[in-house]
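For reference, model-v9.cif is printed below; it contains mmCIF, C-alpha atoms.
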```cif
data_entry
#
loop_
_atom_site.group_PDB
_atom_site.id
_atom_site.type_symbol
_atom_site.label_atom_id
_atom_site.label_comp_id
_atom_site.auth_asym_id
_atom_site.auth_seq_id
_atom_site.Cartn_x
_atom_site.Cartn_y
_atom_site.Cartn_z
ATOM 1 C CA MET H 1 16.640 0.770 6.890
ATOM 2 C CA ASN H 2 15.178 4.161 6.079
ATOM 3 C CA ALA H 3 11.462 4.589 5.492
ATOM 4 C CA ASN H 4 11.996 6.563 2.269
ATOM 5 C CA SER H 5 13.312 3.554 0.322
ATOM 6 C CA LEU H 6 10.755 0.756 -0.017
ATOM 7 C CA ILE H 7 7.854 -0.533 -2.096
ATOM 8 C CA ILE H 8 4.286 0.756 -1.843
ATOM 9 C CA LEU H 9 1.691 -1.646 -3.189
ATOM 10 C CA ASP H 10 -2.040 -1.997 -3.727
ATOM 11 C CA PHE H 11 -4.253 -4.919 -4.724
ATOM 12 C CA GLU H 12 -7.630 -4.886 -6.411
ATOM 13 C CA THR H 13 -9.487 -8.114 -5.641
ATOM 14 C CA THR H 14 -12.653 -10.117 -6.236
ATOM 15 C CA GLY H 15 -13.783 -9.496 -2.645
ATOM 16 C CA LEU H 16 -12.712 -8.839 0.915
ATOM 17 C CA SER H 17 -10.979 -12.008 2.076
ATOM 18 C CA PRO H 18 -8.773 -14.720 0.584
ATOM 19 C CA ASP H 19 -10.082 -16.951 3.383
ATOM 20 C CA ASN H 20 -13.433 -16.860 1.552
ATOM 21 C CA GLY H 21 -11.802 -17.816 -1.739
ATOM 22 C CA ASP H 22 -11.342 -14.261 -3.048
ATOM 23 C CA ARG H 23 -8.435 -13.641 -5.416
ATOM 24 C CA ALA H 24 -6.335 -10.736 -6.610
ATOM 25 C CA ILE H 25 -7.252 -9.220 -9.992
ATOM 26 C CA GLU H 26 -4.694 -6.397 -10.178
ATOM 27 C CA ILE H 27 -1.456 -5.465 -8.474
ATOM 28 C CA GLY H 28 0.117 -2.030 -8.661
ATOM 29 C CA ALA H 29 3.290 -0.914 -6.906
ATOM 30 C CA VAL H 30 5.906 1.800 -6.925
ATOM 31 C CA LYS H 31 9.487 1.557 -5.725
ATOM 32 C CA LEU H 32 10.699 4.527 -3.698
ATOM 33 C CA GLU H 33 14.401 5.273 -3.419
ATOM 34 C CA ASN H 34 15.286 8.199 -1.189
ATOM 35 C CA GLY H 35 11.717 9.427 -1.507
ATOM 36 C CA VAL H 36 11.652 9.326 -5.317
ATOM 37 C CA VAL H 37 9.690 6.842 -7.451
ATOM 38 C CA THR H 38 12.258 4.923 -9.484
ATOM 39 C CA ASP H 39 10.234 1.953 -10.739
ATOM 40 C CA ARG H 40 6.638 0.811 -11.194
ATOM 41 C CA PHE H 41 4.816 -2.511 -11.465
ATOM 42 C CA GLN H 42 1.256 -2.907 -12.742
ATOM 43 C CA GLU H 43 -0.538 -5.966 -14.097
ATOM 44 C CA LEU H 44 -4.051 -7.293 -14.269
ATOM 45 C CA MET H 45 -4.375 -10.989 -13.459
ATOM 46 C CA TYR H 46 -7.054 -13.518 -14.304
ATOM 47 C CA PRO H 47 -8.466 -15.103 -11.120
ATOM 48 C CA GLY H 48 -10.021 -18.104 -12.839
ATOM 49 C CA ARG H 49 -13.620 -16.940 -12.539
ATOM 50 C CA PRO H 50 -15.765 -13.883 -13.368
ATOM 51 C CA VAL H 51 -15.841 -10.860 -11.076
ATOM 52 C CA SER H 52 -19.136 -9.480 -9.785
ATOM 53 C CA HIS H 53 -20.883 -6.430 -11.218
ATOM 54 C CA PHE H 54 -20.127 -4.630 -7.943
ATOM 55 C CA ILE H 55 -16.370 -5.206 -8.232
ATOM 56 C CA ALA H 56 -16.405 -4.253 -11.929
ATOM 57 C CA ASP H 57 -18.219 -1.003 -11.104
ATOM 58 C CA TYR H 58 -16.017 -0.301 -8.064
ATOM 59 C CA THR H 59 -12.679 -0.853 -9.784
ATOM 60 C CA GLY H 60 -13.481 -0.318 -13.454
ATOM 61 C CA ILE H 61 -11.915 -3.738 -14.119
ATOM 62 C CA THR H 62 -14.229 -5.779 -16.327
ATOM 63 C CA ASN H 63 -14.367 -9.488 -17.100
ATOM 64 C CA VAL H 64 -13.398 -8.704 -20.690
ATOM 65 C CA MET H 65 -10.222 -7.008 -19.442
ATOM 66 C CA LEU H 66 -9.407 -9.911 -17.142
ATOM 67 C CA SER H 67 -10.018 -12.536 -19.828
ATOM 68 C CA LYS H 68 -7.010 -11.125 -21.686
ATOM 69 C CA ALA H 69 -4.791 -11.014 -18.583
ATOM 70 C CA ALA H 70 -2.152 -13.521 -17.482
ATOM 71 C CA PRO H 71 -3.202 -15.923 -14.703
ATOM 72 C CA CYS H 72 -2.505 -14.986 -11.085
ATOM 73 C CA HIS H 73 0.407 -17.370 -10.656
ATOM 74 C CA GLU H 74 2.345 -15.854 -13.559
ATOM 75 C CA VAL H 75 1.825 -12.263 -12.438
ATOM 76 C CA MET H 76 2.613 -13.023 -8.799
ATOM 77 C CA GLY H 77 5.813 -14.765 -9.817
ATOM 78 C CA ARG H 78 6.955 -11.559 -11.497
ATOM 79 C CA PHE H 79 5.785 -9.448 -8.561
ATOM 80 C CA SER H 80 7.625 -11.658 -6.092
ATOM 81 C CA ASP H 81 10.848 -10.836 -7.914
ATOM 82 C CA PHE H 82 9.979 -7.107 -7.840
ATOM 83 C CA ILE H 83 9.592 -6.905 -4.054
ATOM 84 C CA GLN H 84 12.481 -9.055 -2.826
ATOM 85 C CA GLY H 85 14.805 -7.309 -0.379
ATOM 86 C CA GLN H 86 12.402 -4.396 0.181
ATOM 87 C CA ASN H 87 10.193 -3.278 3.040
ATOM 88 C CA LEU H 88 6.554 -2.879 2.047
ATOM 89 C CA VAL H 89 3.801 -0.313 2.641
ATOM 90 C CA ALA H 90 0.092 -0.314 1.842
ATOM 91 C CA HIS H 91 -2.872 1.842 2.814
ATOM 92 C CA ASN H 92 -4.821 -0.514 5.090
ATOM 93 C CA ALA H 93 -1.932 -2.959 4.962
ATOM 94 C CA SER H 94 -3.752 -5.779 6.758
ATOM 95 C CA PHE H 95 -5.983 -6.171 3.663
ATOM 96 C CA ASP H 96 -3.161 -6.113 1.112
ATOM 97 C CA LYS H 97 -0.874 -8.296 3.250
ATOM 98 C CA ARG H 98 -3.550 -11.002 3.452
ATOM 99 C CA PHE H 99 -3.846 -11.117 -0.338
ATOM 100 C CA LEU H 100 -0.090 -10.890 -0.894
ATOM 101 C CA ASP H 101 0.529 -13.748 1.534
ATOM 102 C CA SER H 102 -2.273 -15.845 0.032
ATOM 103 C CA GLU H 103 -1.259 -15.364 -3.594
ATOM 104 C CA LEU H 104 2.441 -15.967 -2.888
ATOM 105 C CA LYS H 105 1.645 -19.076 -0.847
ATOM 106 C CA ARG H 106 -0.128 -20.494 -3.908
ATOM 107 C CA ILE H 107 3.155 -20.309 -5.838
ATOM 108 C CA SER H 108 5.327 -21.400 -2.875
ATOM 109 C CA SER H 109 6.940 -17.982 -2.660
ATOM 110 C CA GLY H 110 7.333 -15.301 -0.005
ATOM 111 C CA TYR H 111 9.172 -12.081 0.791
ATOM 112 C CA ASP H 112 11.811 -10.972 3.241
ATOM 113 C CA GLY H 113 10.747 -7.392 3.940
ATOM 114 C CA GLN H 114 8.553 -6.036 6.720
ATOM 115 C CA PHE H 115 5.165 -4.336 6.337
ATOM 116 C CA ALA H 116 4.004 -0.914 7.502
ATOM 117 C CA CYS H 117 0.546 0.610 7.168
ATOM 118 C CA SER H 118 0.127 4.157 5.853
ATOM 119 C CA LEU H 119 -3.473 4.169 7.154
ATOM 120 C CA LEU H 120 -2.389 3.472 10.741
ATOM 121 C CA LEU H 121 0.385 6.066 10.458
ATOM 122 C CA SER H 122 -2.006 8.707 9.094
ATOM 123 C CA ARG H 123 -4.423 8.105 11.992
ATOM 124 C CA ARG H 124 -1.644 9.020 14.395
ATOM 125 C CA LEU H 125 -0.172 11.964 12.512
ATOM 126 C CA TYR H 126 -3.406 13.541 11.223
ATOM 127 C CA GLN H 127 -5.833 13.082 14.064
ATOM 128 C CA THR H 128 -8.030 16.013 12.946
ATOM 129 C CA ALA H 129 -8.526 14.750 9.368
ATOM 130 C CA PRO H 130 -12.218 14.141 8.493
ATOM 131 C CA ASN H 131 -11.389 10.463 7.911
ATOM 132 C CA HIS H 132 -8.365 8.486 6.806
ATOM 133 C CA LYS H 133 -9.404 7.251 3.386
ATOM 134 C CA LEU H 134 -6.707 7.748 0.773
ATOM 135 C CA GLY H 135 -8.695 10.297 -1.260
ATOM 136 C CA THR H 136 -9.569 12.317 1.842
ATOM 137 C CA LEU H 137 -5.968 12.397 3.024
ATOM 138 C CA THR H 138 -4.559 13.530 -0.317
ATOM 139 C CA ASN H 139 -7.019 16.447 -0.233
ATOM 140 C CA TYR H 140 -6.190 17.115 3.430
ATOM 141 C CA LYS H 141 -2.485 17.373 2.592
ATOM 142 C CA GLY H 142 -3.013 19.325 -0.635
ATOM 143 C CA ILE H 143 -1.657 16.540 -2.835
ATOM 144 C CA ALA H 144 -2.807 16.911 -6.438
ATOM 145 C CA SER H 145 -4.717 13.941 -7.839
ATOM 146 C CA ASN H 146 -5.888 13.602 -11.425
ATOM 147 C CA GLY H 147 -6.750 9.938 -11.840
ATOM 148 C CA SER H 148 -9.185 7.319 -10.593
ATOM 149 C CA PHE H 149 -8.906 5.820 -7.140
ATOM 150 C CA HIS H 150 -9.512 2.051 -6.858
ATOM 151 C CA ARG H 151 -7.056 1.198 -9.610
ATOM 152 C CA ALA H 152 -3.975 -0.387 -8.155
ATOM 153 C CA LEU H 153 -1.111 1.620 -9.677
ATOM 154 C CA TYR H 154 -2.849 4.971 -9.180
ATOM 155 C CA ASP H 155 -3.612 4.166 -5.546
ATOM 156 C CA SER H 156 0.016 3.125 -5.038
ATOM 157 C CA GLU H 157 1.275 6.370 -6.547
ATOM 158 C CA MET H 158 -1.071 8.452 -4.377
ATOM 159 C CA THR H 159 -0.069 6.466 -1.290
ATOM 160 C CA ALA H 160 3.578 7.109 -2.155
ATOM 161 C CA LYS H 161 2.965 10.868 -2.290
ATOM 162 C CA LEU H 162 1.118 10.726 1.033
ATOM 163 C CA TRP H 163 3.895 8.580 2.528
ATOM 164 C CA VAL H 164 6.600 11.080 1.561
ATOM 165 C CA ALA H 165 4.480 13.920 3.010
ATOM 166 C CA MET H 166 4.125 12.000 6.289
ATOM 167 C CA LEU H 167 7.876 11.376 6.447
ATOM 168 C CA ASP H 168 8.477 15.112 5.928
ATOM 169 C CA ASP H 169 6.072 15.895 8.777
ATOM 170 C CA ILE H 170 7.854 13.428 11.070
ATOM 171 C CA LYS H 171 11.205 15.027 10.191
ATOM 172 C CA GLN H 172 9.827 18.478 11.027
ATOM 173 C CA GLN H 173 8.475 17.311 14.380
ATOM 174 C CA THR H 174 11.606 15.419 15.413
ATOM 175 C CA GLY H 175 14.422 17.346 13.748
ATOM 176 C CA ILE H 176 15.918 14.151 12.328
ATOM 177 C CA ASP H 177 17.298 13.982 8.783
ATOM 178 C CA GLU H 178 16.135 10.453 7.922
ATOM 179 C CA VAL H 179 13.171 8.510 9.278
ATOM 180 C CA PRO H 180 14.049 4.897 10.099
ATOM 181 C CA PHE H 181 11.515 2.222 9.223
ATOM 182 C CA SER H 182 11.646 1.101 12.860
ATOM 183 C CA LEU H 183 10.237 4.479 13.969
ATOM 184 C CA ILE H 184 7.281 4.047 11.601
ATOM 185 C CA GLN H 185 6.563 0.641 13.080
ATOM 186 C CA LYS H 186 6.763 2.079 16.597
ATOM 187 C CA LEU H 187 4.456 4.976 15.704
ATOM 188 C CA THR H 188 1.766 2.734 14.234
ATOM 189 C CA LYS H 189 1.663 0.773 17.516
ATOM 190 C CA THR H 190 1.591 3.885 19.718
ATOM 191 C CA THR H 191 -1.696 5.199 21.093
ATOM 192 C CA LYS H 192 -2.863 8.459 19.534
ATOM 193 C CA ALA H 193 -2.524 10.229 22.880
ATOM 194 C CA ASN H 194 1.176 9.330 23.123
ATOM 195 C CA VAL H 195 2.253 10.152 19.565
ATOM 196 C CA GLY H 196 3.266 13.734 20.396
ATOM 197 C CA LYS H 197 5.430 12.591 23.306
ATOM 198 C CA LEU H 198 7.114 9.896 21.209
ATOM 199 C CA LEU H 199 8.002 12.341 18.438
ATOM 200 C CA ALA H 200 9.094 15.090 20.873
ATOM 201 C CA ASN H 201 11.469 12.715 22.660
ATOM 202 C CA TYR H 202 12.803 10.995 19.535
ATOM 203 C CA ARG H 203 16.300 12.017 18.603
#
```
Show the structure stored in the file as structure tokens.
Amino acid sequence: MNANSLIILDFETTGLSPDNGDRAIEIGAVKLENGVVTDRFQELMYPGRPVSHFIADYTGITNVMLSKAAPCHEVMGRFSDFIQGQNLVAHNASFDKRFLDSELKRISSGYDGQFACSLLLSRRLYQTAPNHKLGTLTNYKGIASNGSFHRALYDSEMTAKLWVAMLDDIKQQTGIDEVPFSLIQKLTKTTKANVGKLLANYR
């Protein structure tokens, strides 16, 4: 499968770990087909308890907003349908994968795609970037941004733009026309020192 056709997702949550009882409060995602956004998914979800002042300030998602939202199990049921048959990408994917797995397990659901991490990929491709936060990288690559980071759909859309830029850079360095998802997975597991050699020898 090519890396330009997949789903890029982002969760906003009550905290850092579902193992500590934290829950998702928003999911945003975009579907890429041949590098173009063809569909979007965005919903708030009520986690069954209030969010902290810190999370409300960080995300802009208030308890009043969440009180009007559908419960997590309803939203995740719809999102499960949205992602079936697709590979998945997130910026710092280990975080989003933990919440995706946890929320889907609660509704006895799952997914059949594989995950890749745009953060790990950016660390290998852009080793001179000041850091590898999403906002920093969009500035580093000259990607226009006119919204608020830390809302799920906006972060997904910005990650999608960064993802397409990274695929273009890989194409330029390798001379290939399409970047397979398997190459992305290999790159994210390659040491920074060996990235140049991998791309130079990839044909």
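Considering the residues H:Lys197, H:Arg40, H:Lys192, H:His73 and counting all atoms listed in the file, Ser122 in chain H has its shortest atom-to-atom contact with H:Lys192.
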Please expand the PyMOL selection byres ((chain H and resi 126-135) around 12) into the concrete residues it hits in this file, giving the result as a ChimeraX atom specification.
/H:10,90-92,117-125,136-150,154-163,165-166,169-170,191-193,195-196
Contact residues around Lys68 in chain H with all atoms listed in the file at 9 Å, ignoring same-chain residues under 2 positions, as a PDB file with C-alpha atoms, in the coordinates of the input:
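Saved result, out38.pdb, follows:
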```
ATOM      1  CA  LEU H  44      -4.051  -7.293 -14.269  1.00  0.00           C
ATOM      2  CA  MET H  45      -4.375 -10.989 -13.459  1.00  0.00           C
ATOM      3  CA  TYR H  46      -7.054 -13.518 -14.304  1.00  0.00           C
ATOM      4  CA  ASN H  63     -14.367  -9.488 -17.100  1.00  0.00           C
ATOM      5  CA  VAL H  64     -13.398  -8.704 -20.690  1.00  0.00           C
ATOM      6  CA  MET H  65     -10.222  -7.008 -19.442  1.00  0.00           C
ATOM      7  CA  LEU H  66      -9.407  -9.911 -17.142  1.00  0.00           C
ATOM      8  CA  ALA H  70      -2.152 -13.521 -17.482  1.00  0.00           C
TER       9      ALA H  70
END
```
CA of Val75 in chain H to CA of Glu43 in chain H, straight-line distance in Å
6.9 Å
Would you list the contacts of Ile107 in chain H as JSON, numbers by chain, taking every protein, DNA or RNA residue within 10 Å and counting only C-alpha atoms, but skipping same-chain residues closer than 6 positions in sequence?
{"H": [72, 73, 74, 76, 77, 80]}
Enumerate, as JSON, numbers by chain, the residues matched when the PyMOL selection byres ((chain H and resi 200) around 12) is run on the file above.
{"H": [170, 171, 172, 173, 174, 175, 176, 194, 195, 196, 197, 198, 199, 201, 202, 203]}
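Across the model, the gap from CA of Asp22 in chain H to CA of Glu103 in chain H is 10.2 Å.
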Interatomic distance (Å, one decimal) between CA of Thr14 in chain H and CA of Gln114 in chain H
25.2 Å
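Candidate residues H:Ile61, H:Arg23, H:Ser52, H:Leu153 were compared for distance to Ile7 in chain H, and the nearest is H:Leu153, using all atoms listed in the file.
Comparing H:Tyr111, H:Phe95, H:Phe11, H:Phe54 by their smallest distance to Ile83 in chain H, the closest is H:Tyr111 (using only C-alpha atoms).
The closest residue to Phe41 in chain H, picked from H:Phe181, H:Phe79, H:Phe99, H:Phe115 and counting only C-alpha atoms, is H:Phe79.
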Mind working out the centre and edge lengths of an axis-aligned box for range 142-149 of chain H, all listed atoms inside, 3 Å added to each side, rounded to one decimal in Å and written as AutoDock Vina command-line options?
```
--center_x -5.4 --center_y 12.6 --center_z -6.2 --size_x 13.5 --size_y 19.5 --size_z 17.2
```
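Residues in contact with Thr38 in chain H at 12 Å, where only C-alpha atoms are counted and same-chain residues fewer than 6 positions away are skipped, are listed as H:Asn4, H:Ser5, H:Leu6, H:Ile7, H:Ile8, H:Ala29, H:Val30, H:Lys31, H:Leu32, H:Glu157, H:Ala160.
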